[in-house]
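Report on one structure; see the data block that follows.
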Amino acid sequence: MKKPEIINLPKIEDPRGNLSIIEEENHIPFKIARVYWIYDVPGGQYRGGHAFKEQHEMIVALSGSFDVVVDNGIMKQIFSLNRSYYGLYLPSGIWRYLQNFSTNSLAMVLSSSKFSEEDYIRSYPEFLKFILK
Ligand code: TYD
């Protein structure tokens, strides 16, 4: 079974500034269908609070820092993202939310699917039913 994990992305260090890379099906295990980003998050707010039936995602803190709380129905883990060369890979069937956003943080999310509200599970009891099926 696939699980959430941090993927170390390439980092090309340079006195002129560093550079990192994501190639689909190389640095991440899926084809990228969509990119979205979360920014201007007011202090104390959180995002997410849902799971996906099918889509896989990778989350990168392009700027600043935040925590991603992941829950597979049995245990919770917190991944603190604070480097733009770490990608958090999230397979489908994982409840997640993002919290503790620093000022000016920027969360980039790469998704394996186009947006589909039908793919969301927005109720935690429904999520538990879904994963225990
Ligand atoms: P949602 O994924 O619920 O936000 P978060 O989990 O980060 O709190 O999305 C918020 C709103 O934006 C929701 O009405 C759906 C819409 N949305 C799109 O239309 N397309 C997208 O690709 C995404 C990610 C969200």
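Residues in the structure tokens are numbered from 1 in each chain, the chains being A, B, ... in the order shown, and ligands are numbered from 1 in the order shown.
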Could you build a table of the residues in chain A lying no more than 9 Å from ligand 1, giving for each the nearest pair of atoms and their separation in Å rounded to one decimal place, using only C-alpha atoms and all ligand atoms, ordered by chain and ascending residue number, as a Markdown table?
```
| residue | atom | partner | partner_atom_place_in_ligand_line | distance |
| --- | --- | --- | --- | --- |
| A:Arg34 | CA | ligand 1 | 22 (O) | 7.1 |
| A:Val35 | CA | ligand 1 | 22 (O) | 7.6 |
| A:Tyr36 | CA | ligand 1 | 24 (C) | 6.2 |
| A:Trp37 | CA | ligand 1 | 24 (C) | 8.0 |
| A:Ile38 | CA | ligand 1 | 7 (O) | 7.0 |
| A:Tyr46 | CA | ligand 1 | 8 (O) | 7.3 |
| A:Arg47 | CA | ligand 1 | 8 (O) | 3.8 |
| A:Gly48 | CA | ligand 1 | 6 (O) | 3.1 |
| A:Gly49 | CA | ligand 1 | 6 (O) | 6.0 |
| A:His50 | CA | ligand 1 | 6 (O) | 6.5 |
| A:Ala51 | CA | ligand 1 | 6 (O) | 8.9 |
| A:Arg96 | CA | ligand 1 | 6 (O) | 8.5 |
| A:Tyr97 | CA | ligand 1 | 6 (O) | 7.3 |
| A:Leu98 | CA | ligand 1 | 7 (O) | 7.9 |
| A:Val109 | CA | ligand 1 | 24 (C) | 8.4 |
| A:Ser111 | CA | ligand 1 | 22 (O) | 8.7 |
| A:Lys114 | CA | ligand 1 | 22 (O) | 6.8 |
| A:Phe115 | CA | ligand 1 | 22 (O) | 4.6 |
| A:Ser116 | CA | ligand 1 | 20 (N) | 7.7 |
| A:Glu117 | CA | ligand 1 | 15 (C) | 7.1 |
| A:Tyr120 | CA | ligand 1 | 2 (O) | 8.2 |
| A:Arg122 | CA | ligand 1 | 3 (O) | 8.3 |
```
Practice task
Using backbone DSSP assignments, extract all alpha helix (DSSP H) residues from region 42-131 of chain A; output them as a list in words.
Solution key: Tyr124, Pro125, Glu126, Phe127, Leu128, Lys129, Phe130 and Ile131 of chain A
Problem - Selection near Ser65 (chain A), 10 Å with only C-alpha atoms, sequence-local residues under 3 positions removed, as a list in words - result: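 Once the nearby chain positions are removed, what remains is Val60, Ala61, Leu62, Val68, Ser80, Leu81, Asn82, Arg83, Ser84, Gln99, Asn100, Phe101, Ser102, Thr103, Asn104, Ser105, Leu106 and Ala107 of chain A.
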Exercise for the section: Could you give me, as a list of chain:residue names, the residues within 9 Å of Pro4 (chain A), counting only C-alpha atoms and dropping anything in the same chain fewer than 4 positions from it? Expected result: A:Val70, A:Leu88, A:Tyr89, A:Leu90, A:Pro91, A:Ile94
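Residue nearest Glu57 (chain A), chosen from A:Glu126, A:Glu24, A:Asp40, A:Asp14 and counting only C-alpha atoms: A:Glu24.
Between Lys3 (chain A) and the candidates A:Tyr85, A:Pro125, A:Gln55, A:Gly93, the tightest atom-to-atom separation, counting only C-alpha atoms, involves A:Gly93.
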Practice task
To one decimal in Å, tell me the separation between CA of Leu110 (chain A) and CA of Lys133 (chain A).
Solution key: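 Between CA of Leu110 (chain A) and CA of Lys133 (chain A) the gap is 27.1 Å.
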